[in-house]
file structure05.cif (mmCIF, C-alpha atoms)
data_query
#
loop_
_atom_site.label_atom_id
_atom_site.label_comp_id
_atom_site.auth_asym_id
_atom_site.auth_seq_id
_atom_site.Cartn_x
_atom_site.Cartn_y
_atom_site.Cartn_z
CA MET O 12 122.05 108.48 103.62
CA LEU O 13 125.31 108.38 105.58
CA PRO O 14 128.51 107.58 103.65
CA TYR O 15 131.19 105.64 105.45
CA SER O 16 134.63 105.59 103.85
CA PHE O 17 137.35 103.24 104.88
CA PHE O 18 141.05 103.01 104.04
CA PRO O 19 142.88 100.71 101.60
CA TYR O 20 143.77 97.24 102.81
CA ALA O 21 147.26 95.85 102.21
CA CYS O 22 147.61 93.16 99.52
CA PHE O 23 144.03 92.57 98.57
CA LEU O 24 142.08 95.84 98.65
CA LEU O 25 142.54 98.95 96.54
CA ALA O 26 139.30 100.75 97.35
CA THR O 27 136.33 100.25 99.66
CA THR O 28 133.21 102.35 100.07
CA PHE O 29 130.48 101.57 102.59
CA VAL O 30 127.12 103.26 102.39
CA PHE O 31 124.69 102.90 105.27
CA SER O 32 121.14 103.93 104.42
CA GLY O 33 118.55 104.76 107.03
CA GLY O 34 115.43 102.78 107.79
CA PRO O 35 114.66 99.77 109.93
CA ARG O 36 117.16 97.57 108.11
CA SER O 37 120.30 99.50 107.06
CA SER O 38 121.77 98.33 103.77
CA ILE O 39 125.50 98.08 103.20
CA MET O 40 126.87 98.62 99.70
CA VAL O 41 130.41 97.46 99.18
CA GLU O 42 132.65 98.07 96.18
CA LEU O 43 135.79 95.95 96.19
CA SER O 44 138.88 96.03 94.00
CA SER O 45 141.51 93.47 94.82
CA CYS O 46 144.44 91.41 93.73
CA GLY O 47 143.37 88.34 95.68
CA LEU O 48 139.60 88.40 96.08
CA CYS O 49 138.84 86.43 92.94
CA PHE O 50 140.67 83.45 94.39
CA PHE O 51 138.84 83.71 97.69
CA LEU O 52 135.42 83.98 96.02
CA LEU O 53 135.88 80.58 94.41
CA LEU O 54 136.12 78.80 97.77
CA PRO O 55 133.28 76.54 98.97
CA ALA O 56 131.04 77.72 101.83
CA SER O 57 129.89 75.49 104.68
CA ALA O 58 130.09 76.36 108.36
CA ILE O 59 128.45 73.57 110.32
CA ALA O 60 130.86 72.04 112.81
CA ALA O 61 131.06 68.27 112.94
CA GLY O 62 129.27 67.27 116.10
CA GLY O 63 128.27 70.87 116.74
CA GLN O 64 131.49 71.74 118.59
CA LEU O 65 133.86 74.69 118.54
CA ARG O 66 137.18 73.85 116.96
CA HIS O 67 140.34 75.58 115.85
CA ASN O 68 140.71 76.32 112.12
CA PHE O 69 136.95 75.93 111.83
CA TYR O 70 136.83 77.79 108.50
CA GLU O 71 139.89 76.08 107.03
CA SER O 72 137.93 74.59 104.14
CA SER O 73 134.78 76.73 104.06
CA CYS O 74 136.37 80.19 104.25
CA PRO O 75 140.15 79.90 104.81
CA SER O 76 140.73 83.66 104.62
CA ALA O 77 138.19 84.47 107.37
CA GLU O 78 140.58 85.08 110.26
CA SER O 79 143.09 86.90 108.05
CA VAL O 80 140.43 89.28 106.75
CA VAL O 81 139.27 90.10 110.29
CA ARG O 82 142.85 90.64 111.44
CA LEU O 83 143.69 93.01 108.56
CA ILE O 84 140.56 95.06 109.21
CA VAL O 85 141.28 95.31 112.95
CA GLU O 86 144.86 96.39 112.22
CA ASP O 87 143.68 99.07 109.79
CA PHE O 88 141.17 100.47 112.29
CA TYR O 89 143.91 100.46 114.93
CA ARG O 90 146.14 102.62 112.73
CA TYR O 91 143.47 105.29 112.46
CA ASP O 92 141.52 105.04 115.73
CA HIS O 93 142.91 103.14 118.74
CA SER O 94 139.74 103.69 120.76
CA VAL O 95 137.55 101.73 118.35
CA VAL O 96 139.81 98.69 118.58
CA ALA O 97 140.05 98.96 122.38
CA GLY O 98 136.26 98.85 122.42
CA LEU O 99 136.22 95.42 120.79
CA ILE O 100 137.41 93.73 123.98
CA ARG O 101 134.63 95.30 126.04
CA LEU O 102 132.10 94.48 123.31
CA PHE O 103 133.18 90.84 123.38
CA PHE O 104 133.01 90.63 127.18
CA HIS O 105 129.54 92.20 127.27
CA ASP O 106 128.34 89.80 124.58
CA CYS O 107 129.64 86.66 126.27
CA PHE O 108 128.51 87.52 129.79
CA VAL O 109 124.89 88.09 128.71
CA THR O 110 123.35 84.86 127.31
CA GLY O 111 126.72 83.67 126.00
CA CYS O 112 128.95 84.45 123.01
CA ASP O 113 126.17 84.59 120.41
CA GLY O 114 126.60 88.06 118.90
CA SER O 115 123.38 89.26 120.57
CA ILE O 116 125.12 92.48 121.65
CA LEU O 117 125.34 93.47 117.97
CA LEU O 118 121.60 93.39 117.25
CA ASP O 119 119.80 96.69 116.66
CA GLU O 120 116.38 95.05 116.87
CA THR O 121 114.71 91.65 117.10
CA PRO O 122 111.34 90.32 115.88
CA SER O 123 109.95 90.62 119.42
CA GLY O 124 110.34 94.39 119.33
CA GLU O 125 111.76 94.43 122.87
CA PRO O 126 114.64 96.80 123.71
CA VAL O 127 117.90 95.05 122.81
CA GLU O 128 121.04 94.59 124.91
CA LYS O 129 122.89 97.59 123.50
CA ALA O 130 120.00 99.81 124.67
CA SER O 131 120.68 98.95 128.31
CA PRO O 132 122.35 101.59 130.53
CA GLY O 133 124.99 98.94 131.28
CA ASN O 134 126.07 99.12 127.65
CA VAL O 135 126.40 102.88 127.35
CA GLY O 136 129.35 103.88 125.19
CA LEU O 137 129.95 100.54 123.50
CA ASN O 138 132.44 100.89 120.68
CA GLY O 139 133.80 98.65 117.95
CA GLU O 140 130.63 97.59 116.16
CA GLN O 141 131.78 99.34 113.00
CA VAL O 142 134.76 96.97 112.84
CA ILE O 143 132.40 93.99 112.91
CA ASP O 144 130.18 95.58 110.24
CA VAL O 145 133.13 96.03 107.89
CA ALA O 146 134.46 92.52 108.49
CA LYS O 147 131.04 90.96 107.97
CA SER O 148 130.53 92.86 104.70
CA PHE O 149 133.82 91.54 103.34
CA LEU O 150 133.19 87.99 104.45
CA GLU O 151 129.69 87.91 103.00
CA ARG O 152 131.26 88.72 99.62
CA LEU O 153 133.99 86.12 100.07
CA CYS O 154 132.00 83.31 101.68
CA PRO O 155 128.26 84.09 101.77
CA GLY O 156 126.33 82.76 104.76
CA THR O 157 129.39 81.11 106.27
CA VAL O 158 131.14 83.11 109.00
CA SER O 159 128.96 84.00 111.99
CA CYS O 160 128.95 87.42 113.61
CA ALA O 161 129.72 85.74 116.95
CA ASP O 162 132.90 84.25 115.47
CA ILE O 163 133.89 87.54 113.83
CA LEU O 164 133.60 89.26 117.22
CA ALA O 165 135.66 86.52 118.89
CA PHE O 166 138.40 86.78 116.23
CA ALA O 167 138.35 90.58 116.32
CA SER O 168 138.66 90.76 120.11
CA ARG O 169 141.71 88.47 119.92
CA ASP O 170 143.24 90.63 117.21
CA ALA O 171 142.50 93.76 119.25
CA ALA O 172 144.29 92.27 122.26
CA VAL O 173 147.26 91.39 120.05
CA VAL O 174 147.70 94.86 118.55
CA PHE O 175 147.68 96.24 122.10
CA GLY O 176 150.47 93.90 123.19
CA ILE O 177 149.04 90.51 124.20
CA PRO O 178 150.72 87.41 122.68
CA SER O 179 148.63 85.90 119.92
CA TYR O 180 146.44 82.97 120.91
CA PRO O 181 144.21 80.54 119.00
CA VAL O 182 140.47 81.12 118.89
CA ALA O 183 138.18 78.22 118.10
CA GLY O 184 135.36 78.84 115.62
CA GLY O 185 131.90 77.42 115.10
CA ARG O 186 129.74 79.81 117.13
CA ARG O 187 126.30 80.50 115.77
CA ASP O 188 124.41 83.76 116.05
CA GLY O 189 121.56 84.19 118.50
CA THR O 190 118.19 85.63 117.48
CA ASP O 191 117.23 87.07 120.86
CA SER O 192 118.59 90.17 122.60
CA ARG O 193 116.93 91.77 125.63
CA ALA O 194 118.10 94.82 127.53
CA GLU O 195 116.61 93.56 130.78
CA GLN O 196 119.09 90.66 130.88
CA VAL O 197 122.10 93.00 130.92
CA GLY O 198 121.37 94.29 134.41
CA GLN O 199 121.00 90.75 135.67
CA GLU O 200 124.21 89.30 134.25
CA LEU O 201 126.82 92.07 133.93
CA PRO O 202 128.86 93.14 137.00
CA LYS O 203 128.11 96.71 138.07
CA PRO O 204 130.84 99.39 138.31
CA PHE O 205 130.20 99.71 142.07
CA PHE O 206 130.38 96.01 142.98
CA ASP O 207 132.82 94.88 145.65
CA ALA O 208 135.26 92.02 145.07
CA GLU O 209 132.96 89.43 146.61
CA ARG O 210 130.00 90.23 144.37
CA GLN O 211 132.22 90.33 141.31
CA THR O 212 133.70 86.96 142.22
CA GLU O 213 130.22 85.45 142.58
CA MET O 214 129.17 86.65 139.12
CA PHE O 215 132.34 85.34 137.48
CA GLU O 216 132.03 81.99 139.22
CA LYS O 217 128.53 81.62 137.78
CA LYS O 218 130.12 81.85 134.34
CA GLY O 219 132.78 79.28 135.22
CA PHE O 220 135.70 81.58 136.05
CA THR O 221 137.95 81.51 139.09
CA GLN O 222 138.68 84.60 141.14
CA ARG O 223 142.17 84.69 139.66
CA GLU O 224 140.78 84.65 136.12
CA MET O 225 138.43 87.48 137.11
CA VAL O 226 141.35 89.63 138.27
CA VAL O 227 143.29 88.71 135.13
CA LEU O 228 140.45 89.82 132.85
CA ALA O 229 140.06 93.05 134.81
CA GLY O 230 143.47 93.99 133.41
CA ALA O 231 141.71 94.87 130.16
CA HIS O 232 141.22 98.22 131.89
CA SER O 233 144.82 99.00 131.03
CA ILE O 234 143.24 100.52 127.90
CA GLY O 235 139.96 102.26 127.21
CA GLY O 236 137.98 104.36 129.63
CA ALA O 237 134.61 105.07 131.25
CA HIS O 238 132.04 107.85 131.17
CA CYS O 239 131.90 110.29 134.06
CA SER O 240 128.46 108.97 135.00
CA SER O 241 130.04 105.63 135.96
CA PHE O 242 132.24 107.02 138.72
CA GLN O 243 131.47 110.68 139.50
CA TYR O 244 129.63 109.72 142.70
CA ARG O 245 133.03 108.63 144.05
CA LEU O 246 134.17 112.24 143.74
CA TYR O 247 131.20 114.23 144.99
CA ASN O 248 128.71 112.10 146.91
CA HIS O 249 130.22 108.75 147.79
CA SER O 250 128.38 108.01 151.02
CA ALA O 251 126.56 109.67 153.91
CA GLY O 252 128.83 112.26 155.49
CA ARG O 253 131.64 111.61 153.02
CA ALA O 254 131.84 113.26 149.60
CA LEU O 255 135.07 111.62 148.39
CA ASP O 256 135.68 107.87 148.24
CA PRO O 257 138.43 107.30 150.84
CA TYR O 258 140.08 104.66 148.64
CA ILE O 259 140.81 107.04 145.78
CA LYS O 260 144.11 108.91 145.76
CA ARG O 261 143.48 112.61 146.42
CA ASN O 262 145.61 113.94 143.54
CA TYR O 263 143.91 111.49 141.20
CA ALA O 264 140.51 112.64 142.46
CA LEU O 265 141.42 116.26 141.71
CA HIS O 266 142.42 115.25 138.19
CA LEU O 267 139.11 113.46 137.70
CA LYS O 268 137.14 116.43 139.03
CA GLN O 269 138.74 118.59 136.37
CA ARG O 270 137.65 116.12 133.72
CA CYS O 271 134.17 115.59 135.20
CA PRO O 272 132.99 118.87 136.76
CA VAL O 273 129.48 119.12 138.20
CA ALA O 274 127.08 121.93 139.00
CA GLY O 275 124.15 122.31 141.39
CA ALA O 276 123.39 121.77 145.05
CA LEU O 277 125.12 119.04 147.07
CA TYR O 278 122.39 116.41 146.68
CA SER O 279 121.39 117.29 143.12
CA LEU O 280 124.73 117.52 141.38
CA GLN O 281 124.60 117.27 137.62
CA PRO O 282 127.56 116.60 135.31
CA VAL O 283 128.59 119.56 133.18
CA ASN O 284 129.77 117.24 130.39
CA PRO O 285 127.68 114.04 130.77
CA GLY O 286 129.22 112.46 127.67
CA MET O 287 132.81 112.97 128.79
CA LYS O 288 134.93 109.82 128.79
CA VAL O 289 138.02 109.43 130.96
CA GLY O 290 140.86 106.96 130.41
CA PHE O 291 141.43 104.15 132.88
CA GLY O 292 145.04 105.13 133.55
CA GLU O 293 148.02 107.25 132.61
CA GLU O 294 149.05 104.79 129.89
CA VAL O 295 145.51 104.50 128.53
CA GLY O 296 145.19 103.72 124.83
CA GLN O 297 148.77 102.48 124.55
CA ARG O 298 149.39 98.91 125.66
CA LEU O 299 147.77 95.96 127.40
CA ASP O 300 150.77 95.72 129.69
CA GLY O 301 149.32 95.25 133.18
CA SER O 302 149.81 98.93 134.10
CA TYR O 303 146.26 98.77 135.42
CA TYR O 304 147.41 96.84 138.50
CA GLY O 305 150.03 99.39 139.46
CA GLY O 306 147.34 102.05 139.23
CA LEU O 307 145.12 100.15 141.65
CA LEU O 308 147.96 99.88 144.17
CA ARG O 309 148.43 103.67 143.93
CA GLY O 310 144.74 104.34 144.55
CA GLU O 311 144.07 105.22 140.91
CA GLY O 312 141.32 102.77 140.02
CA LEU O 313 138.77 104.66 137.95
CA LEU O 314 135.74 102.51 138.78
CA GLU O 315 134.84 101.52 142.32
CA SER O 316 134.74 97.89 141.16
CA ASP O 317 138.37 98.26 140.03
CA GLN O 318 139.61 99.77 143.28
CA ALA O 319 137.62 97.18 145.22
CA LEU O 320 140.14 94.55 144.10
CA VAL O 321 142.74 95.95 146.53
CA LYS O 322 140.34 96.19 149.47
CA GLU O 323 139.95 92.43 149.87
CA ARG O 324 142.98 90.40 150.95
CA THR O 325 142.99 87.60 148.37
CA THR O 326 142.32 89.84 145.37
CA ARG O 327 144.85 92.39 146.65
CA GLN O 328 147.53 89.71 146.62
CA LEU O 329 146.59 88.78 143.06
CA VAL O 330 146.81 92.44 142.01
CA ARG O 331 150.28 92.73 143.54
CA ASN O 332 151.43 89.55 141.83
CA MET O 333 150.20 90.66 138.41
CA SER O 334 151.75 94.09 138.86
CA LYS O 335 155.14 92.46 139.47
CA HIS O 336 154.88 89.94 136.62
CA PRO O 337 153.28 91.62 133.58
CA GLY O 338 154.62 88.99 131.17
CA LYS O 339 152.92 86.18 133.07
CA TRP O 340 149.76 88.24 133.32
CA ALA O 341 149.71 88.73 129.54
CA GLN O 342 149.87 84.96 129.01
CA GLU O 343 147.08 84.38 131.51
CA PHE O 344 145.01 87.13 129.90
CA ALA O 345 145.24 85.36 126.55
CA GLN O 346 144.14 82.09 128.17
CA ALA O 347 141.24 83.77 129.97
CA MET O 348 140.07 85.47 126.77
CA GLU O 349 140.14 82.14 124.96
CA LYS O 350 138.04 80.65 127.76
CA LEU O 351 135.64 83.61 127.69
CA GLY O 352 134.90 82.87 124.05
CA LYS O 353 133.48 79.46 125.00
CA VAL O 354 130.81 80.70 127.42
CA ASP O 355 127.31 79.39 126.56
CA VAL O 356 127.90 79.25 122.81
CA LEU O 357 125.42 78.13 120.18
CA THR O 358 126.80 75.52 117.76
CA GLY O 359 125.71 73.08 115.08
CA ASP O 360 122.13 73.80 113.98
CA GLU O 361 121.41 76.18 116.86
CA GLY O 362 120.79 79.84 116.07
CA GLU O 363 121.78 81.08 112.62
CA VAL O 364 124.53 82.74 110.61
CA ARG O 365 123.31 86.30 110.14
CA LYS O 366 123.72 88.05 106.80
CA VAL O 367 124.01 91.42 108.55
CA CYS O 368 125.19 91.44 112.15
CA ARG O 369 122.74 94.11 113.30
CA PHE O 370 119.62 92.16 112.29
CA VAL O 371 118.36 88.59 112.42
CA ASN O 372 117.77 86.93 109.04
#
call {"tool": "encode", "arguments": {"input": "structure05.cif", "output": "structure tokens"}}
result
Amino acid sequence: MLPYSFFPYACFLLATTFVFSGGPRSSIMVELSSCGLCFFLLLPASAIAAGGQLRHNFYESSCPSAESVVRLIVEDFYRYDHSVVAGLIRLFFHDCFVTGCDGSILLDETPSGEPVEKASPGNVGLNGEQVIDVAKSFLERLCPGTVSCADILAFASRDAAVVFGIPSYPVAGGRRDGTDSRAEQVGQELPKPFFDAERQTEMFEKKGFTQREMVVLAGAHSIGGAHCSSFQYRLYNHSAGRALDPYIKRNYALHLKQRCPVAGALYSLQPVNPGMKVGFGEEVGQRLDGSYYGGLLRGEGLLESDQALVKERTTRQLVRNMSKHPGKWAQEFAQAMEKLGKVDVLTGDEGEVRKVCRFVN
């Protein structure tokens, strides 16, 4: 049995203890002491949207504290571990781009027994699920069977963006949770870290995004990082007759080689530290401030798909524009994130509201 202790929450929480027990369906035991929970627990619970549509203030009558609870939990995690909160944005993107924003990325298993999305190589190193687990546990005590995991993830990704510097923006609620999650779909729907600008644009257009919105969302790489396995080929074996990617700045490449050393013969190089994670830029883990774009213009894009944005004329101009106008970029990022949260959602009687986000009911 693995104990998980969390920190006190301002205003309404004096002590919280989470206990995750092993087995096919982990149980979560929550002890709550509060100065405001009794009021919240008396609220009615109903989460079916009229007409089956997303809408702002969706939980206004059924669970009015829902968004506030999620925000407080995200803020507390941020105080103690920035990387977990940064991971929420990636988690949200990976959820929405594969079968829509239905919380399927959170599932540990499904009744079909097939490998789930998080088991795909494209989802290596996902972070932030523990934030969703904590939020869901609270909300199940406050408003049982009301707030979906898909909505919690949407709210949490917004709150993560805000603590990293993006202006707050409204997030509509009413998403329902999916019951299917298949690893094989990840490779088909998520852009690869080696894609050029054209292939990335095609994949984003299929989801209803313009090329500009694609470049805007790429700015999330102002925070977070990637594992050496995602980019080390750019340093040691980029293409026939060329070990180093010519589009990566030499000094930056030397820095990355120090972080991601390899051993072995030229065509069988193996990472010394396969689990090593490297930040996307010099200001990594600090702010969503558009610093990512300046890094690309200096030849310091960590992933080939990042650096590819300055190879093509139209995307290069967008990168330059966003580098010069970080305030405008931040506003557009908020708008693009709001739009992302509406991709192929389940609403009304579709799907379900999970009791535990890692398992279907």
call {"tool": "resolve_selection", "arguments": {"input": "structure05.cif", "expression": "the PyMOL selection byres ((chain O and resi 199) around 12)", "output": "compact mmCIF listing (two decimals) with C-alpha atoms, in the coordinates of the input"}}
result
# COMPACT_ATOMS: atom_id res chain seq x y z
CA PHE O 108 128.51 87.52 129.79
CA VAL O 109 124.89 88.09 128.71
CA THR O 110 123.35 84.86 127.31
CA GLU O 128 121.04 94.59 124.91
CA SER O 131 120.68 98.95 128.31
CA GLY O 133 124.99 98.94 131.28
CA ARG O 193 116.93 91.77 125.63
CA ALA O 194 118.10 94.82 127.53
CA GLU O 195 116.61 93.56 130.78
CA GLN O 196 119.09 90.66 130.88
CA VAL O 197 122.10 93.00 130.92
CA GLY O 198 121.37 94.29 134.41
CA GLU O 200 124.21 89.30 134.25
CA LEU O 201 126.82 92.07 133.93
CA PRO O 202 128.86 93.14 137.00
CA LYS O 203 128.11 96.71 138.07
CA MET O 214 129.17 86.65 139.12
call {"tool": "resolve_selection", "arguments": {"input": "structure05.cif", "expression": "the PyMOL selection byres ((chain O and resi 332) around 12)", "output": "list in words"}}
result
Arg223, Val226, Val227, Gly301, Tyr304, Gly305, Leu308, Val321, Thr325, Thr326, Arg327, Gln328, Leu329, Val330, Arg331, Met333, Ser334, Lys335, His336, Pro337, Gly338, Lys339 and Trp340 of chain O
call {"tool": "write_last_selection", "arguments": {"input": "structure05.cif", "atoms": "C-alpha atoms", "output": "tab-separated table (two decimals), in the frame of the given file"}}
result
chain	number	residue	atom	x	y	z
O	223	ARG	CA	142.17	84.69	139.66
O	226	VAL	CA	141.35	89.63	138.27
O	227	VAL	CA	143.29	88.71	135.13
O	301	GLY	CA	149.32	95.25	133.18
O	304	TYR	CA	147.41	96.84	138.50
O	305	GLY	CA	150.03	99.39	139.46
O	308	LEU	CA	147.96	99.88	144.17
O	321	VAL	CA	142.74	95.95	146.53
O	325	THR	CA	142.99	87.60	148.37
O	326	THR	CA	142.32	89.84	145.37
O	327	ARG	CA	144.85	92.39	146.65
O	328	GLN	CA	147.53	89.71	146.62
O	329	LEU	CA	146.59	88.78	143.06
O	330	VAL	CA	146.81	92.44	142.01
O	331	ARG	CA	150.28	92.73	143.54
O	333	MET	CA	150.20	90.66	138.41
O	334	SER	CA	151.75	94.09	138.86
O	335	LYS	CA	155.14	92.46	139.47
O	336	HIS	CA	154.88	89.94	136.62
O	337	PRO	CA	153.28	91.62	133.58
O	338	GLY	CA	154.62	88.99	131.17
O	339	LYS	CA	152.92	86.18	133.07
O	340	TRP	CA	149.76	88.24	133.32
call {"tool": "atom_distance", "arguments": {"input": "structure05.cif", "atom1": "atom CA of Arg210 of chain O", "atom2": "atom CA of Ile234 of chain O"}}
result
23.5 Å
call {"tool": "resolve_selection", "arguments": {"input": "structure05.cif", "expression": "the PyMOL selection byres ((chain O and resi 88) around 12)", "output": "PyMOL selection string"}}
result
chain O and resi 16-20+81-87+89-99+139-143+145-146+167+170-171+174
call {"tool": "atom_distance", "arguments": {"input": "structure05.cif", "atom1": "atom CA of Phe242 of chain O", "atom2": "atom CA of Tyr263 of chain O"}}
result
12.7 Å
call {"tool": "atom_distance", "arguments": {"input": "structure05.cif", "atom1": "atom CA of Ile116 of chain O", "atom2": "atom CA of Phe370 of chain O"}}
result
10.9 Å
call {"tool": "closest_residue", "arguments": {"input": "structure05.cif", "among": "O:Glu343, O:Arg66, O:Ile163, O:Gln297", "to": "Pro181 of chain O", "atoms": "only C-alpha atoms"}}
result
O:Arg66
call {"tool": "residues_near_point", "arguments": {"input": "structure05.cif", "point": "(143.4, 81.2, 125.3)", "cutoff": "10 Å", "atoms": "all atoms listed in the file", "output": "list in words"}}
result
Arg169, Pro178, Ser179, Tyr180, Pro181, Val182, Ala183, Gln342, Glu343, Phe344, Ala345, Gln346, Ala347, Met348, Glu349, Lys350, Leu351 and Gly352 of chain O
call {"tool": "closest_residue", "arguments": {"input": "structure05.cif", "among": "O:Phe175, O:Asp191, O:Asn138, O:Lys218", "to": "Asp119 of chain O", "atoms": "all atoms listed in the file"}}
result
O:Asp191
call {"tool": "closest_residue", "arguments": {"input": "structure05.cif", "among": "O:Glu216, O:His232, O:Gly114, O:Gly290", "to": "Arg270 of chain O", "atoms": "only C-alpha atoms"}}
result
O:Gly290
call {"tool": "residues_around", "arguments": {"input": "structure05.cif", "residues": "Glu151 of chain O", "least_positions_apart": "4", "cutoff": "10 Å", "atoms": "all atoms listed in the file", "output": "list in words"}}
result
Leu52, Ala146, Lys147, Pro155, Gly156, Thr157, Val158, Ser159, Arg365, Lys366 and Val367 of chain O
call {"tool": "write_last_selection", "arguments": {"input": "structure05.cif", "atoms": "C-alpha atoms", "output": "short mmCIF file (atom, residue, chain, number, x, y, z; two decimals), in the coordinates of the input"}}
result
data_model
loop_
_atom_site.label_atom_id
_atom_site.label_comp_id
_atom_site.auth_asym_id
_atom_site.auth_seq_id
_atom_site.Cartn_x
_atom_site.Cartn_y
_atom_site.Cartn_z
CA LEU O 52 135.42 83.98 96.02
CA ALA O 146 134.46 92.52 108.49
CA LYS O 147 131.04 90.96 107.97
CA PRO O 155 128.26 84.09 101.77
CA GLY O 156 126.33 82.76 104.76
CA THR O 157 129.39 81.11 106.27
CA VAL O 158 131.14 83.11 109.00
CA SER O 159 128.96 84.00 111.99
CA ARG O 365 123.31 86.30 110.14
CA LYS O 366 123.72 88.05 106.80
CA VAL O 367 124.01 91.42 108.55
#
call {"tool": "decode", "arguments": {"input": "structure05.cif", "residues": "segment 105-159 of chain O", "atoms": "C-alpha atoms", "output": "mmCIF file, in the first residue's frame"}}
result
data_model
loop_
_atom_site.group_PDB
_atom_site.id
_atom_site.type_symbol
_atom_site.label_atom_id
_atom_site.label_comp_id
_atom_site.auth_asym_id
_atom_site.auth_seq_id
_atom_site.Cartn_x
_atom_site.Cartn_y
_atom_site.Cartn_z
ATOM 1 C CA HIS O 105 -2.790 14.545 -25.714
ATOM 2 C CA ASP O 106 -6.297 13.790 -24.466
ATOM 3 C CA CYS O 107 -8.071 16.125 -26.864
ATOM 4 C CA PHE O 108 -6.080 15.204 -29.966
ATOM 5 C CA VAL O 109 -6.814 11.478 -29.588
ATOM 6 C CA THR O 110 -10.585 10.783 -29.879
ATOM 7 C CA GLY O 111 -11.450 14.181 -28.395
ATOM 8 C CA CYS O 112 -11.541 15.729 -24.914
ATOM 9 C CA ASP O 113 -13.103 12.751 -23.140
ATOM 10 C CA GLY O 114 -10.590 11.982 -20.386
ATOM 11 C CA SER O 115 -9.538 8.769 -22.154
ATOM 12 C CA ILE O 116 -5.863 9.609 -21.537
ATOM 13 C CA LEU O 117 -6.492 9.114 -17.806
ATOM 14 C CA LEU O 118 -7.672 5.502 -18.022
ATOM 15 C CA ASP O 119 -5.403 2.763 -16.650
ATOM 16 C CA GLU O 120 -7.504 0.019 -18.212
ATOM 17 C CA THR O 121 -10.769 -0.564 -20.065
ATOM 18 C CA PRO O 122 -13.187 -3.520 -20.215
ATOM 19 C CA SER O 123 -11.737 -4.517 -23.602
ATOM 20 C CA GLY O 124 -8.362 -5.250 -22.023
ATOM 21 C CA GLU O 125 -6.531 -3.507 -24.878
ATOM 22 C CA PRO O 126 -3.465 -1.356 -24.105
ATOM 23 C CA VAL O 127 -4.683 2.141 -23.222
ATOM 24 C CA GLU O 128 -3.518 5.505 -24.590
ATOM 25 C CA LYS O 129 -1.069 6.230 -21.782
ATOM 26 C CA ALA O 130 0.757 2.978 -22.652
ATOM 27 C CA SER O 131 1.669 4.289 -26.104
ATOM 28 C CA PRO O 132 5.290 5.367 -26.744
ATOM 29 C CA GLY O 133 3.842 8.727 -27.817
ATOM 30 C CA ASN O 134 2.708 9.286 -24.241
ATOM 31 C CA VAL O 135 5.973 8.477 -22.487
ATOM 32 C CA GLY O 136 6.591 10.742 -19.516
ATOM 33 C CA LEU O 137 3.065 12.090 -19.111
ATOM 34 C CA ASN O 138 2.729 14.033 -15.883
ATOM 35 C CA GLY O 139 -0.097 15.651 -13.962
ATOM 36 C CA GLU O 140 -2.474 12.743 -13.456
ATOM 37 C CA GLN O 141 -2.004 12.971 -9.703
ATOM 38 C CA VAL O 142 -3.516 16.467 -9.781
ATOM 39 C CA ILE O 143 -6.621 15.097 -11.478
ATOM 40 C CA ASP O 144 -6.825 12.220 -8.984
ATOM 41 C CA VAL O 145 -6.770 14.621 -6.037
ATOM 42 C CA ALA O 146 -9.326 16.972 -7.594
ATOM 43 C CA LYS O 147 -11.659 14.113 -8.470
ATOM 44 C CA SER O 148 -11.475 12.705 -4.932
ATOM 45 C CA PHE O 149 -12.494 16.058 -3.469
ATOM 46 C CA LEU O 150 -15.293 16.611 -5.935
ATOM 47 C CA GLU O 151 -16.728 13.132 -5.438
ATOM 48 C CA ARG O 152 -17.093 14.007 -1.743
ATOM 49 C CA LEU O 153 -18.606 17.409 -2.511
ATOM 50 C CA CYS O 154 -20.839 16.514 -5.458
ATOM 51 C CA PRO O 155 -20.926 12.743 -6.081
ATOM 52 C CA GLY O 156 -21.257 11.630 -9.695
ATOM 53 C CA THR O 157 -21.414 15.189 -10.997
ATOM 54 C CA VAL O 158 -18.122 16.588 -12.317
ATOM 55 C CA SER O 159 -16.555 14.610 -15.157
#
